[in-house]
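Okay, input_33.cif now, which holds mmCIF, C-alpha atoms:
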```
data_start
loop_
_atom_site.label_atom_id
_atom_site.label_comp_id
_atom_site.auth_asym_id
_atom_site.auth_seq_id
_atom_site.Cartn_x
_atom_site.Cartn_y
_atom_site.Cartn_z
CA MET A 1 -39.14 -14.00 -8.43
CA ILE A 2 -35.46 -12.93 -8.66
CA GLU A 3 -33.48 -14.88 -11.22
CA LYS A 4 -30.35 -16.20 -9.61
CA ASP A 5 -26.94 -15.58 -11.18
CA GLN A 6 -25.40 -18.98 -11.74
CA SER A 7 -21.92 -17.58 -12.45
CA ARG A 8 -19.41 -17.38 -9.61
CA ASN A 9 -17.71 -14.42 -11.33
CA ILE A 10 -18.73 -11.24 -9.56
CA PRO A 11 -19.53 -8.43 -12.06
CA GLU A 12 -16.99 -5.59 -12.07
CA ASP A 13 -19.51 -2.90 -11.12
CA ILE A 14 -20.52 -4.86 -8.03
CA LYS A 15 -16.86 -5.42 -7.13
CA ARG A 16 -16.21 -1.68 -7.24
CA THR A 17 -19.25 -0.98 -5.03
CA VAL A 18 -18.00 -3.57 -2.53
CA ARG A 19 -14.46 -2.14 -2.57
CA LYS A 20 -15.75 1.38 -1.96
CA LYS A 21 -18.11 0.53 0.88
CA SER A 22 -15.42 -1.62 2.53
CA GLY A 23 -12.71 1.05 2.34
CA PHE A 24 -10.60 -0.95 -0.13
CA GLY A 25 -9.44 -3.42 2.51
CA CYS A 26 -10.51 -6.10 4.96
CA ILE A 27 -13.39 -4.69 6.99
CA PHE A 28 -11.87 -6.04 10.23
CA CYS A 29 -8.17 -5.14 9.94
CA GLY A 30 -7.91 -2.91 6.85
CA LYS A 31 -5.32 -5.02 5.04
CA PRO A 32 -5.28 -4.21 1.29
CA LEU A 33 -4.89 -7.87 0.28
CA TYR A 34 -8.34 -9.41 0.43
CA HIS A 35 -10.99 -11.81 -0.87
CA TYR A 36 -14.48 -10.89 -2.09
CA GLU A 37 -16.60 -12.82 0.37
CA HIS A 38 -20.31 -13.59 0.29
CA ILE A 39 -21.67 -13.05 3.80
CA GLU A 40 -24.49 -15.49 3.18
CA ASP A 41 -22.61 -18.27 1.42
CA TRP A 42 -22.65 -18.46 -2.37
CA ALA A 43 -23.81 -22.09 -2.15
CA ILE A 44 -27.02 -20.83 -0.54
CA VAL A 45 -27.79 -17.61 -2.46
CA LYS A 46 -26.16 -18.33 -5.84
CA LYS A 47 -26.34 -14.66 -6.82
CA HIS A 48 -24.24 -11.54 -6.46
CA GLU A 49 -25.56 -8.55 -4.52
CA ALA A 50 -23.27 -5.84 -3.15
CA ASP A 51 -25.08 -5.85 0.22
CA ASN A 52 -24.19 -9.53 0.64
CA ILE A 53 -20.52 -9.23 -0.35
CA THR A 54 -17.65 -7.79 1.66
CA LEU A 55 -13.86 -7.79 1.77
CA LEU A 56 -11.95 -10.12 4.09
CA CYS A 57 -8.20 -10.69 4.32
CA THR A 58 -6.91 -14.25 4.26
CA GLU A 59 -6.91 -14.49 8.06
CA HIS A 60 -10.51 -13.32 8.50
CA HIS A 61 -11.64 -15.28 5.45
CA GLU A 62 -10.23 -18.41 7.06
CA LYS A 63 -11.94 -17.57 10.35
CA LYS A 64 -15.26 -17.34 8.54
CA ARG A 65 -14.61 -20.61 6.73
CA LYS A 66 -13.84 -22.34 10.04
CA LYS A 67 -16.91 -20.76 11.65
CA LEU A 68 -14.80 -18.65 14.01
CA LEU A 69 -16.58 -15.57 12.66
CA LYS A 70 -20.35 -15.47 12.69
CA ARG A 71 -22.49 -13.96 9.97
CA GLU A 72 -23.89 -11.45 12.47
CA GLN A 73 -20.38 -10.26 13.36
CA ILE A 74 -19.50 -9.71 9.72
CA LEU A 75 -22.76 -7.87 9.02
CA LYS A 76 -22.13 -5.59 12.01
CA LYS A 77 -18.59 -4.81 10.88
CA THR A 78 -19.73 -3.91 7.35
CA LEU A 79 -21.25 -0.79 8.93
CA THR A 80 -17.90 0.35 10.36
CA PRO A 81 -15.08 -0.98 8.12
CA TYR A 82 -11.60 -0.45 9.55
CA ASN A 83 -10.29 1.73 6.72
CA LEU A 84 -13.34 4.01 6.60
CA ILE A 85 -13.08 4.60 10.35
CA HIS A 86 -9.34 5.36 10.15
CA GLY A 87 -9.42 7.17 6.80
CA LYS A 88 -6.62 5.06 5.40
CA SER A 89 -5.55 1.45 4.90
CA SER A 90 -3.57 -0.63 7.32
CA PRO A 91 0.13 -0.64 6.37
CA LEU A 92 1.24 -3.34 3.96
CA GLN A 93 4.92 -4.26 4.18
CA LEU A 94 6.54 -4.69 0.77
CA ASP A 95 9.51 -7.04 0.82
CA PHE A 96 12.05 -5.05 -1.18
CA GLU A 97 15.66 -6.01 -0.59
CA GLY A 98 19.10 -6.10 -2.17
CA ASN A 99 21.84 -3.65 -3.11
CA ASP A 100 20.66 -2.57 -6.57
CA PHE A 101 17.43 -1.27 -8.03
CA ALA A 102 15.66 -0.88 -11.39
CA ILE A 103 12.78 1.47 -12.10
CA SER A 104 10.86 2.04 -15.33
CA PHE A 105 8.76 5.04 -16.31
CA GLY A 106 6.55 3.74 -19.10
CA ASP A 107 8.97 1.98 -21.42
CA VAL A 108 11.97 4.00 -20.24
CA ARG A 109 14.02 1.84 -17.88
CA PHE A 110 16.74 2.94 -15.48
CA SER A 111 18.99 0.37 -13.86
CA ILE A 112 20.88 1.74 -10.90
CA GLN A 113 23.74 0.11 -9.07
CA PRO A 114 24.89 2.29 -6.18
CA ASP A 115 28.46 2.51 -5.01
CA LYS A 116 29.07 -0.76 -3.24
CA GLN A 117 31.98 0.80 -1.36
CA SER A 118 29.46 2.85 0.59
CA GLN A 119 27.16 1.30 3.18
CA ASN A 120 24.50 3.98 2.64
CA ASN A 121 23.14 5.11 -0.76
CA PHE A 122 20.25 7.53 -1.16
CA ILE A 123 18.89 8.08 -4.69
CA ILE A 124 15.98 10.24 -5.94
CA PRO A 125 14.68 9.24 -9.42
CA LEU A 126 11.82 11.79 -9.31
CA ILE A 127 11.42 15.09 -7.47
CA ILE A 128 8.71 17.73 -8.00
CA ASP A 129 8.83 21.19 -6.45
CA ASP A 130 11.47 20.11 -3.93
CA LEU A 131 9.41 17.10 -2.77
CA MET A 132 10.77 13.60 -3.31
CA MET A 133 8.02 11.79 -5.23
CA ILE A 134 10.10 8.64 -5.72
CA SER A 135 13.24 7.79 -3.79
CA PHE A 136 15.04 4.84 -2.33
CA LEU A 137 17.69 4.14 0.22
CA ILE A 138 20.06 1.20 0.23
CA GLU A 139 21.45 0.67 3.68
CA ASP A 140 23.56 -2.36 4.58
CA GLU A 141 22.20 -4.19 1.49
CA GLN A 142 18.60 -3.48 2.52
CA LEU A 143 16.52 -1.61 -0.05
CA TYR A 144 13.93 0.91 1.16
CA PHE A 145 11.52 2.28 -1.47
CA ASN A 146 9.51 5.50 -1.08
CA LEU A 147 6.68 6.91 -3.19
CA ASN A 148 4.23 9.83 -2.84
CA VAL A 149 1.06 10.25 -4.92
CA PHE A 150 -1.14 13.35 -4.59
CA ASN A 151 -4.48 14.14 -6.20
CA ASP A 152 -5.20 17.39 -8.05
CA GLU A 153 -6.31 18.96 -4.76
CA ASN A 154 -2.78 18.42 -3.45
CA LYS A 155 -3.94 15.79 -0.95
CA LEU A 156 -1.74 12.76 -0.35
CA VAL A 157 -3.72 9.71 -1.47
CA LEU A 158 -1.05 7.02 -1.52
CA ASN A 159 2.44 6.69 -0.15
CA ILE A 160 5.09 4.10 0.46
CA ILE A 161 7.43 4.95 3.30
CA ASN A 162 10.44 2.66 3.67
CA ASN A 163 8.58 -0.20 1.95
CA GLU A 164 5.35 0.36 3.91
CA LEU A 165 2.30 0.98 1.69
CA ILE A 166 -0.65 3.09 2.91
CA TYR A 167 -3.46 4.65 0.87
CA SER A 168 -6.48 6.86 1.52
CA SER A 169 -9.89 5.21 1.84
CA SER A 170 -11.47 8.27 0.20
CA LEU A 171 -10.25 7.28 -3.27
CA TRP A 172 -12.87 6.63 -5.94
CA ASP A 173 -11.30 3.26 -6.65
CA ILE A 174 -8.07 1.38 -6.01
CA THR A 175 -7.25 -2.24 -6.74
CA PHE A 176 -4.26 -4.31 -5.76
CA GLU A 177 -4.41 -7.55 -7.73
CA SER A 178 -1.37 -9.76 -8.06
CA ASN A 179 1.48 -7.21 -8.06
CA ASN A 180 -0.47 -4.53 -9.95
CA LEU A 181 -1.66 -1.50 -7.98
CA ILE A 182 -4.13 0.64 -9.96
CA ILE A 183 -5.93 3.87 -9.03
CA ARG A 184 -8.92 5.10 -11.06
CA ASN A 185 -10.73 8.43 -10.91
CA GLU A 186 -14.47 9.06 -10.63
CA LYS A 187 -14.87 8.55 -14.39
CA GLY A 188 -13.32 5.11 -14.11
CA LYS A 189 -10.21 6.26 -15.94
CA LYS A 190 -6.90 4.74 -14.90
CA ILE A 191 -4.67 7.48 -13.48
CA PHE A 192 -1.99 5.45 -11.74
CA HIS A 193 -0.62 1.98 -12.42
CA ILE A 194 2.46 0.61 -10.69
CA ILE A 195 3.81 -2.92 -11.00
CA ILE A 196 5.75 -4.01 -7.93
CA ASN A 197 8.31 -6.66 -8.79
CA ILE A 198 9.87 -7.96 -5.61
CA PRO A 199 12.68 -7.87 -4.60
CA ASN A 200 14.13 -4.83 -6.38
CA ASN A 201 12.16 -3.62 -9.41
CA VAL A 202 9.28 -1.18 -9.94
CA ILE A 203 7.47 -0.28 -13.16
CA ILE A 204 5.38 2.89 -13.35
CA LYS A 205 3.17 1.91 -16.29
CA GLN A 206 1.00 4.97 -15.94
CA GLY A 207 1.19 7.79 -13.46
CA TYR A 208 -0.17 11.21 -12.68
CA PHE A 209 2.26 12.96 -10.36
CA TYR A 210 1.06 16.28 -8.99
CA HIS A 211 2.35 18.63 -6.31
CA ASN A 212 1.79 22.35 -5.74
CA GLY A 213 0.54 22.89 -9.27
CA VAL A 214 3.43 21.04 -10.92
CA GLN A 215 2.34 18.00 -12.95
CA LEU A 216 4.08 15.06 -14.56
CA PHE A 217 2.25 12.47 -16.65
CA ILE A 218 3.63 9.03 -17.42
CA HIS A 219 1.76 7.03 -20.02
CA GLU A 220 3.30 4.04 -21.77
CA ARG A 221 6.22 5.55 -23.74
CA THR A 222 5.44 9.16 -22.96
CA LEU A 223 6.57 11.47 -20.17
CA PHE A 224 5.16 15.00 -20.19
#
```

Entire entry expressed as structure tokens:
Amino acid sequence: MIEKDQSRNIPEDIKRTVRKKSGFGCIFCGKPLYHYEHIEDWAIVKKHEADNITLLCTEHHEKKRKKLLKREQILKKTLTPYNLIHGKSSPLQLDFEGNDFAISFGDVRFSIQPDKQSQNNFIIPLIIDDLMMISFLIEDEQLYFNLNVFNDENKLVLNIINNELIYSSSLWDITFESNNLIIRNEKGKKIFHIIINIPNNVIIKQGYFYHNGVQLFIHERTLF
């Protein structure tokens, strides 16, 4: 007889397994904002098993709750999650705006106020080997943020293009909880942590920036 887990809190190792097999997004639409959802309802099984848990965005979670998605449909889709089929997440629009911007690398903070006499301002806080790793454009008081993150094989694993976030579904692990986006490697070590403060502030708490053999590490108060 299997002892049932009476706690509603899903263990972290099971969460990671569910994230990985779901492609780090809703299995139907790939959105990176999601709920951990028991396919067979928690009220019935009262235990946590990765095979019975999937990722659903708010829209598809609500459809399941209102019985507009059947259990059989969800089970079928767990075999072909959107992000694993496409190799990347669905775009998530980040609502940056305004005519100034602040960015922090660890505990080092830069507050930038572009020339308000100009309608267009293009600023590059970080460039590696002629590639813009972090940049932003302020155009007619609209802020557009851009970010590129590569792995040590020089493959693009996450980018934000004009406020639109997309990441690879081949990552070992990525979480986006509240406004904290965290990437971990296969050893479970945190290699990238960005805090997105809408409407016009970004904090790189920890970052591994790599491109064409050039590396930059950001960790708390250290840049090297």

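Reported to one decimal place, the separation of CA of Cys26 (chain A) from CA of Thr54 (chain A) is 8.0 Å.
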
Hey, what comes out of the PyMOL selection byres ((chain A and resi 215) around 12) on this file? Could you write it as a VMD selection string? chain A and resid 126 to 129 133 149 to 154 207 to 214 216 to 218 223 to 224

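With distances taken over all atoms listed in the file, A:Arg71 is the one residue among A:Arg71, A:Leu84, A:Arg184, A:Asp13 lying closest to Asp41 (chain A).
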
Write out as a PyMOL selection string which residues come within 7 Å of region 99-110 of chain A when counting all atoms listed in the file, dropping same-chain ones fewer than 5 positions away. chain A and resi 138+141-143+200-206+218-222

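Separating CA of Tyr36 (chain A) from CA of Ser7 (chain A) is a distance of 14.4 Å.
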
Starting from the displayed file, determine the output of the PyMOL selection byres ((chain A and resi 163) around 6) and express the residue list as a PyMOL selection string. chain A and resi 93-94+144-145+160-162+164

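Counting from CA of Gly87 (chain A), the distance to CA of Glu177 (chain A) is 21.3 Å.
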
Edge lengths and centre, in Å to one decimal, as lines of an AutoDock Vina configuration file: that's what I need for the box along x, y and z that holds all listed atoms of region 130-143 of chain A plus 8 Å on each side.
```
center_x = 15.8
center_y = 8.0
center_z = -0.6
size_x = 31.5
size_y = 40.3
size_z = 26.3
```

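The shortest atom-to-atom distance to Ser89 (chain A), with all atoms listed in the file taken into account, belongs to A:Phe24 out of A:Val18, A:Phe24, A:Ile182, A:Ile198.
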
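Nearest to Pro32 (chain A) of all the residues A:Ser111, A:Ser169, A:Phe192, A:Arg65 is A:Ser169, counting only C-alpha atoms.
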
Closest to Asp95 (chain A) among A:Ile123, A:Ala43, A:Leu165, A:Ile191, using all atoms listed in the file? A:Leu165

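If all atoms listed in the file are the atoms counted, then among A:Leu68, A:Ile194, A:Ile27, A:Ile53 the closest residue to Thr175 (chain A) is A:Ile194.
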
Rank A:Leu56, A:Leu137, A:Leu181, A:Cys29 by their smallest atom-to-atom distance to Phe96 (chain A), using all atoms listed in the file, and report the top residue only. A:Leu137
